[in-house]
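Written out below as C-alpha cells is the structure these notes cover.
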Protein chains: 2
Amino acid sequence: MNGSRRRAALLALTALAASPAEAESPVTPAMRADMERLVGAAVTSSRAPEILRSLTDSVGPRLSGSPGDRAAVAWGVATLRALGFSNVRAEKVLVPVWRRISESASMTAPYPQSFAVAALGGSVSTPDGGITAEVVEAGSLAAVDALGERAKGKIVFIWKTTERARDGHGYGETVPIRSAGAVRAAKLGALAVLIRSVGTDDDRLPHTGAMSYDEKTPKIPAAALSTPDADLLHRVLAEGRPVTVTLNLRTETGPDAESANVVGEIPGREMPGEIVLVGGHLDSWDLGPGAIDNGAGCAIAIEAARLIGALPRRPRRTVRVVLFANEENGLRGGRTYAAEHAAELARHAAAVEADSGGDRALGYAWNAGPGAEAFMKEMSAFLAGIGAGEFRKGGAGGADISPLLPSGLPLLGLRSDASRYFDVHHTANDTYDKVDPVQLNQATAALAAMTFALAEAAEPLPRIPESDRTRRPPD
Amino acid sequence: MNGSRRRAALLALTALAASPAEAESPVTPAMRADMERLVGAAVTSSRAPEILRSLTDSVGPRLSGSPGDRAAVAWGVATLRALGFSNVRAEKVLVPVWRRISESASMTAPYPQSFAVAALGGSVSTPDGGITAEVVEAGSLAAVDALGERAKGKIVFIWKTTERARDGHGYGETVPIRSAGAVRAAKLGALAVLIRSVGTDDDRLPHTGAMSYDEKTPKIPAAALSTPDADLLHRVLAEGRPVTVTLNLRTETGPDAESANVVGEIPGREMPGEIVLVGGHLDSWDLGPGAIDNGAGCAIAIEAARLIGALPRRPRRTVRVVLFANEENGLRGGRTYAAEHAAELARHAAAVEADSGGDRALGYAWNAGPGAEAFMKEMSAFLAGIGAGEFRKGGAGGADISPLLPSGLPLLGLRSDASRYFDVHHTANDTYDKVDPVQLNQATAALAAMTFALAEAAEPLPRIPESDRTRRPPD
C-alpha cells in the first residue's frame, strides 16, 4: 500500500470507528458488545432446537385442557428449573375445554370420494347419523350472504385459496372465513359449513383453528377440508350437476379446566423489580405437536433468556419468560396475566412476543410512545446484519401480550418469514422436522439481542400514549 | 451481410439441410414431420390433463378388486369409446383382493404419542386388542438379521431414509425393506414390523405398497409410519430408554375378484395386424386416487394414441392402448395379457410402458436386439429438443410389460423425472393437483412421438435375442 492509499484507508477506518451519533445513542457500545456476544452464542451454541425437540417429542399436541396441556405445563416448569431460571412457577389459568372425538366426510354424488376433513375448533357435532345434503359453493363471506334462499337446508362450502406470502397476509385474508363462516351460513338456514383449509400447502392434512358462534344464530357444524379435497369438490361442483356430501363430526365441550401460564425469571442486576417480559403461547391445536405454532416461540424465548442469564453481567432489569396458556382458543392466558399482574404492570418496561414460527426472523413490529424511534432505528441497524432489520411500527406485539395494551406497556412482536408457515400451521404436519435449526438459531439471536437491550437500556421505552391504548391498533 | 459472409451462411444452411446420414435413416423425413406435428399438438392441445382429472375425480382410489377398481374399468372402456378408439374391450383378469379396514399405532412409553400409520399392502391383521411391545430398531435388512435374539417378542422398527433422486434410485435402495422386512423380522420371532415410509416427503401421510410373506415363516403384521412419525420414534429410541408401541391393524383378504385390462386401438393403415402396444396400469393403491401412480401414465398413453389417430395419415401398424389391471399387488394384468395374447405376440412390434409419474419425460429405457441402436440414436436426438433425449439400454420397459420379455418383443419404458415422485407415491397425497399440466403434456409428446415412430417405421425393431429373454435384465 502506498502512502496516499494508506492515508485514505485510515480516514475510512476513523469514520467507521467514531460515528457522530454514537455519543447520544440509546444503544451504548457496552450494550452492543453484549448483544454481539449473544448473537454469536445463539447461532453457534443455542439449545433452542433441543428445547423444541424436548417439547414436541415428550409432550406432543397440547390443546387447552387436554392431558397434553397438563403435560406441557409440567414440562415448562421442569425445563425452566433445569435451565437455572429463578422464581419458576405455574400461574393458574382456567381454560375452555373442547375436544375432537371423530370426524369424516365424503362425497356421495355424483361420485363417491372420501375427504380428509377436520372439525374447526369449537364446532358442535353433527346430529347422530351425520348430515347428508346438497352442497352450494361460495367464494367469500359476502358471497355466502348473497346465496340467500339457496343456502337453506344445504351444506355451504366456502372455497377460497390462501396466498403464500412472506408477511403472511394471505392468512389475514382467508381466516375470517374460518372464524365467521358458520354464523354467516347459519343465518341463511344452512345445515353445516365446509371451508377450504386456510393454508398454503397441497397436503391431504386439513387445517383446524378457532371458529365462533353468536348466541342469536343456530350453531351449525363447521369443518375444513384439506386443500386437495376442497379443490376436488370445487372441480366437481364446476361440472354443474348436484353434488351431495355426508358430514359426520363428533366433538365435545366440557367445563373449564385448570391450566397455567408458566413463568421463570433472570433477575435484573440493578432493578430486579422492573420486568421485561418475553414469551409466547405454550398450548397448541390438537392435530399435531405444534412445533412451529408455537413450540418454536417457546423455545426461542426460553433460550434467549437463558443466554442473557449466562452473560458475565446480567442486564439491569429482570427478564421474565412467560409461556402463555390457551392462545389458540380463548386467550385466557394473556388475559389472566394482564389481570393478575395489573398492579405490577407499571413496573414492566416492555413485553416481547414470539409467535411467528421457526423460520428466520425478519424484524419486529413495535408499539411504544413518541421518542422510541431512536432506539428502534439503532436496533434495526444492528439486527440488519443477521437479516432481521425490518422494523415496523404498529400492532400490539402479538395475541398473548395484546391484553397489556391498556397499560401502555411498549409491545413488540418478533416477525419471522411466514412463507412456509401456513403450510403446516394447525395441521398434523406441524412437527419438529419442519424447523430448520439454523433459522431457529437466527431467530433466537434476534430475540436475545432485543430482550437484552430492553432490559439493559438506561431509560425504558416511552409508554404508549393514553389515547392509543383503548383498542388494538392495526398491524 | 457482405458477399463472403453470405456464402458462409449458405454453406452452413446447406450442411443443415442435407445431413449425410439422412438417406439411410430409420426415421425418415416424413416420419419426422409427423412427429413434429404430434409434439406440437401434445404441448398445446393435449387432453391428457383432462383425462387424468376425469379418472381421479370420478373414480378415485382403485385398488384391485375394490369398487373403485370396477369403476376404473368402466371408466376406461367409456373413455376409450368416447375418444373414438376401435375394438374397445375389457379383457377379464382375476385379481387378488386385500382390504384395509382400520389401523392405528401409538407410542405408549416413555411418552404418549399418536402415529400416522398405514398397513403395508398384503399385511395380516394384528390379534384382537392389537400388539403392545417394546421396539428394537435396525437400519437395514442386514441389521434386522443381526438383531438375533433381541428381536424376539418385540416390534422390529426399520429406519432408513429414502434418498431423493432424479432417477428414483433411492426407492430401489429402500423398497426391499418394505417387501421383505416382515419375513426377516418374523424369522427372529418378532411380533410385528414397522418401517419408515419408503418416501422422500416430510408429511404425516404414510406410504403403503406391496410386501410379501413366505410360506415357511410366520406371517406378522407390517406397517409404515409416516416419515415424521418414524423420525420421532427414531429420536426417542436414541434417548436410550425402553420404548413401547401399540399397533392395531385390521385387514382382510378375500377370494380373487374379476377385474380387466382395458384395451382400445388405433388401427394401422397398412399392417393392422401388427401391434405397437402402449400403456400402463390402471389400478392404484387404496390410500389416494393414484394421480401420478398411475393415472398420469394412463392419461398420456391414451392421449398419445388419440393424437396419433388424429393425424391426417395413421401409421402403418396398429397402436393398441392397454390399461393394465393389478400392477400394484400382483401383476396379474401384465401376466394375463402375456398369456392370453401369446399367439399374437409374434405380430407385436414393440411395447411401451408409461408408469413413471406425471413429471417431465427425460427419455427412455429400451431393450431390443442388435441393430436397434440407429433408431434409438435418432429418436434420442429428436426428443432431446423437448428434454427427453436420455436413452439408456436395459430393463424390461416396466412391470406390466415385463412378462412379454420371453417373447423377445422390444420393450421400452418412458423415464420421467422422479425427483418429486416419491413424495406422494402410494399415499393419500397422490392427487390431481400434484400433476403439472405443462410437464404432463411434454411427457405426452415424448410418448406420442416414440409410439408413432415404432408404428410407422419401415422395419420393426430387431427382437431381443433368445439368450436375453429368460430373466428380467437389470435396469
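Ordering of the C-alpha cells sets the chain letters (A, B, ...), residue numbers begin anew at 1 in every chain, and ligands are numbered from 1 in the order given.
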
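Residue-level contact on chain A: within 8 Å of chain B, counting only C-alpha atoms, the set is Asp57, Ser58, Val59, Gly60, Pro110, Tyr111, Pro112, Gln113, Asp202, Asp203, Arg204, Leu205, Pro228, Leu232, Val236, Ala428, Asn429, Thr431, Tyr432, Asp433 and Lys434 of chain A.
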
Just to be explicit: take each residue in the selection above, keep N, CA, C and O atoms, and write the result as a short mmCIF file (atom, residue, chain, number, x, y, z; two decimals), in the first residue's frame.
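So out-v2.cif came out as:
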data_model
loop_
_atom_site.label_atom_id
_atom_site.label_comp_id
_atom_site.auth_asym_id
_atom_site.auth_seq_id
_atom_site.Cartn_x
_atom_site.Cartn_y
_atom_site.Cartn_z
N ASP A 57 -41.34 -33.86 21.22
CA ASP A 57 -41.21 -35.32 21.35
C ASP A 57 -41.81 -35.84 22.65
O ASP A 57 -42.41 -36.92 22.66
N SER A 58 -41.63 -35.12 23.75
CA SER A 58 -42.08 -35.70 25.02
C SER A 58 -43.49 -35.27 25.39
O SER A 58 -44.13 -35.91 26.21
N VAL A 59 -43.98 -34.17 24.80
CA VAL A 59 -45.35 -33.71 25.12
C VAL A 59 -46.27 -33.89 23.93
O VAL A 59 -47.34 -34.48 24.04
N GLY A 60 -45.88 -33.40 22.78
CA GLY A 60 -46.74 -33.52 21.60
C GLY A 60 -47.90 -32.54 21.64
O GLY A 60 -47.78 -31.43 22.18
N PRO A 110 -71.94 -36.62 -7.35
CA PRO A 110 -72.12 -37.66 -8.36
C PRO A 110 -71.11 -38.80 -8.27
O PRO A 110 -71.31 -39.82 -8.93
N TYR A 111 -70.04 -38.66 -7.51
CA TYR A 111 -69.01 -39.71 -7.40
C TYR A 111 -68.74 -39.99 -5.94
O TYR A 111 -68.70 -39.05 -5.14
N PRO A 112 -68.48 -41.23 -5.59
CA PRO A 112 -68.06 -41.48 -4.21
C PRO A 112 -66.59 -41.11 -4.03
O PRO A 112 -65.72 -41.56 -4.77
N GLN A 113 -66.31 -40.24 -3.07
CA GLN A 113 -64.93 -39.85 -2.76
C GLN A 113 -64.86 -39.56 -1.26
O GLN A 113 -65.74 -38.86 -0.74
N ASP A 202 -50.39 -28.25 -0.23
CA ASP A 202 -51.26 -29.10 -1.04
C ASP A 202 -51.30 -30.53 -0.47
O ASP A 202 -51.32 -31.49 -1.23
N ASP A 203 -51.30 -30.62 0.83
CA ASP A 203 -51.32 -31.92 1.50
C ASP A 203 -52.72 -32.28 1.98
O ASP A 203 -53.51 -31.41 2.30
N ARG A 204 -52.95 -33.60 2.05
CA ARG A 204 -54.29 -34.03 2.50
C ARG A 204 -54.34 -34.07 4.02
O ARG A 204 -54.67 -35.08 4.65
N LEU A 205 -53.99 -32.94 4.60
CA LEU A 205 -53.96 -32.77 6.05
C LEU A 205 -54.70 -31.46 6.34
O LEU A 205 -54.15 -30.38 6.16
N PRO A 228 -56.36 -30.27 -1.17
CA PRO A 228 -56.66 -31.09 -2.36
C PRO A 228 -58.11 -31.58 -2.38
O PRO A 228 -58.71 -31.68 -3.46
N LEU A 232 -60.89 -30.67 -5.19
CA LEU A 232 -61.67 -31.72 -5.85
C LEU A 232 -63.16 -31.37 -5.83
O LEU A 232 -63.84 -31.42 -6.86
N VAL A 236 -65.60 -30.67 -9.04
CA VAL A 236 -66.79 -31.46 -9.33
C VAL A 236 -68.03 -30.56 -9.35
O VAL A 236 -68.91 -30.72 -10.21
N ALA A 428 -51.68 -31.71 11.38
CA ALA A 428 -50.88 -32.82 11.90
C ALA A 428 -49.42 -32.70 11.49
O ALA A 428 -48.55 -33.31 12.09
N ASN A 429 -49.17 -31.93 10.46
CA ASN A 429 -47.83 -31.80 9.89
C ASN A 429 -46.93 -30.80 10.62
O ASN A 429 -45.79 -30.61 10.21
N THR A 431 -44.68 -30.53 12.79
CA THR A 431 -43.79 -31.42 13.55
C THR A 431 -42.37 -30.88 13.59
O THR A 431 -41.99 -30.01 12.78
N TYR A 432 -41.60 -31.43 14.49
CA TYR A 432 -40.22 -30.97 14.75
C TYR A 432 -39.36 -30.88 13.49
O TYR A 432 -38.56 -29.95 13.33
N ASP A 433 -39.53 -31.86 12.60
CA ASP A 433 -38.69 -31.90 11.40
C ASP A 433 -38.90 -30.69 10.49
O ASP A 433 -38.09 -30.46 9.59
N LYS A 434 -40.00 -29.96 10.67
CA LYS A 434 -40.27 -28.80 9.81
C LYS A 434 -39.42 -27.60 10.18
O LYS A 434 -39.39 -26.61 9.45
#

For B:Ala72, work out the shell of residues within 8 Å, counting only C-alpha atoms and skipping chain neighbours fewer than 4 positions away, then give it as a list of chain:residue names. B:Leu55, B:Val59, B:Arg62, B:Gly68, B:Gly76, B:Leu282, B:Asp283

- Apply DSSP to the backbone of this structure and, from stretch 102-304 of chain A, keep only the residues in strand (DSSP E); write these as JSON, numbers by chain. {"A": [102, 103, 104, 105, 106, 107, 108, 109, 113, 114, 115, 117, 118, 119, 131, 132, 133, 134, 135, 136, 137, 138, 155, 156, 157, 158, 192, 193, 194, 195, 196, 222, 223, 224, 225, 244, 245, 246, 247, 248, 249, 250, 251, 252, 253, 254, 255, 256, 257, 258, 259, 260, 261, 262, 263, 264, 265, 266, 271, 272, 273, 274, 275, 276, 277, 278, 279, 280, 281]}

Show which residues sit within 7 Å of stretch 442-446 of chain A, as a PDB file with C-alpha atoms, in the first residue's frame. Count only C-alpha atoms, and ignore same-chain residues fewer than 2 positions away.
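Just written: selection-v8.pdb:
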ATOM      1  CA  LEU A  38     -25.485 -13.009  22.493  1.00  0.00           C
ATOM      2  CA  VAL A  39     -25.812 -13.280  18.727  1.00  0.00           C
ATOM      3  CA  ALA A  42     -27.233 -18.044  19.749  1.00  0.00           C
ATOM      4  CA  VAL A  43     -26.036 -19.012  16.289  1.00  0.00           C
ATOM      5  CA  ILE A 300     -36.509 -19.244  21.393  1.00  0.00           C
ATOM      6  CA  GLU A 303     -33.206 -19.856  25.079  1.00  0.00           C
ATOM      7  CA  ALA A 304     -32.939 -16.084  24.537  1.00  0.00           C
ATOM      8  CA  ARG A 360     -35.718 -16.782  10.173  1.00  0.00           C
ATOM      9  CA  ALA A 361     -36.595 -13.555  11.906  1.00  0.00           C
ATOM     10  CA  LEU A 383     -30.158  -6.679  13.560  1.00  0.00           C
ATOM     11  CA  ALA A 388     -33.685  -9.123  10.998  1.00  0.00           C
ATOM     12  CA  VAL A 438     -30.110 -22.666  11.519  1.00  0.00           C
ATOM     13  CA  GLN A 439     -33.114 -20.407  11.069  1.00  0.00           C
ATOM     14  CA  LEU A 440     -34.331 -21.095  14.596  1.00  0.00           C
ATOM     15  CA  ALA A 448     -31.977 -12.338  22.670  1.00  0.00           C
ATOM     16  CA  ALA A 449     -30.464  -9.093  21.398  1.00  0.00           C
ATOM     17  CA  MET A 450     -33.765  -7.209  21.621  1.00  0.00           C
TER      18      MET A 450
END

- Task: Just list the residues in stretch 193-416 of chain B DSSP gives helix (DSSP H, G or I) on the backbone, as a PyMOL selection string.
- Result: chain B and resi 227-238+291-309+332-340+342-347+373-384+402-407

Excluding A:Ala396 and residues on its chain fewer than 4 positions from it, collect all residues at most 12 Å away from it, counting only C-alpha atoms, and give them as an MDAnalysis selection string.
chainID A and resid 350:353 364:368 392 400:414 464 468:475

* Show which residues sit within 6 Å of stretch 175-192 of chain A, as a PyMOL selection string. Count only C-alpha atoms, and ignore same-chain residues fewer than 4 positions away. => chain A and resi 151-155+171+211-213+220-222
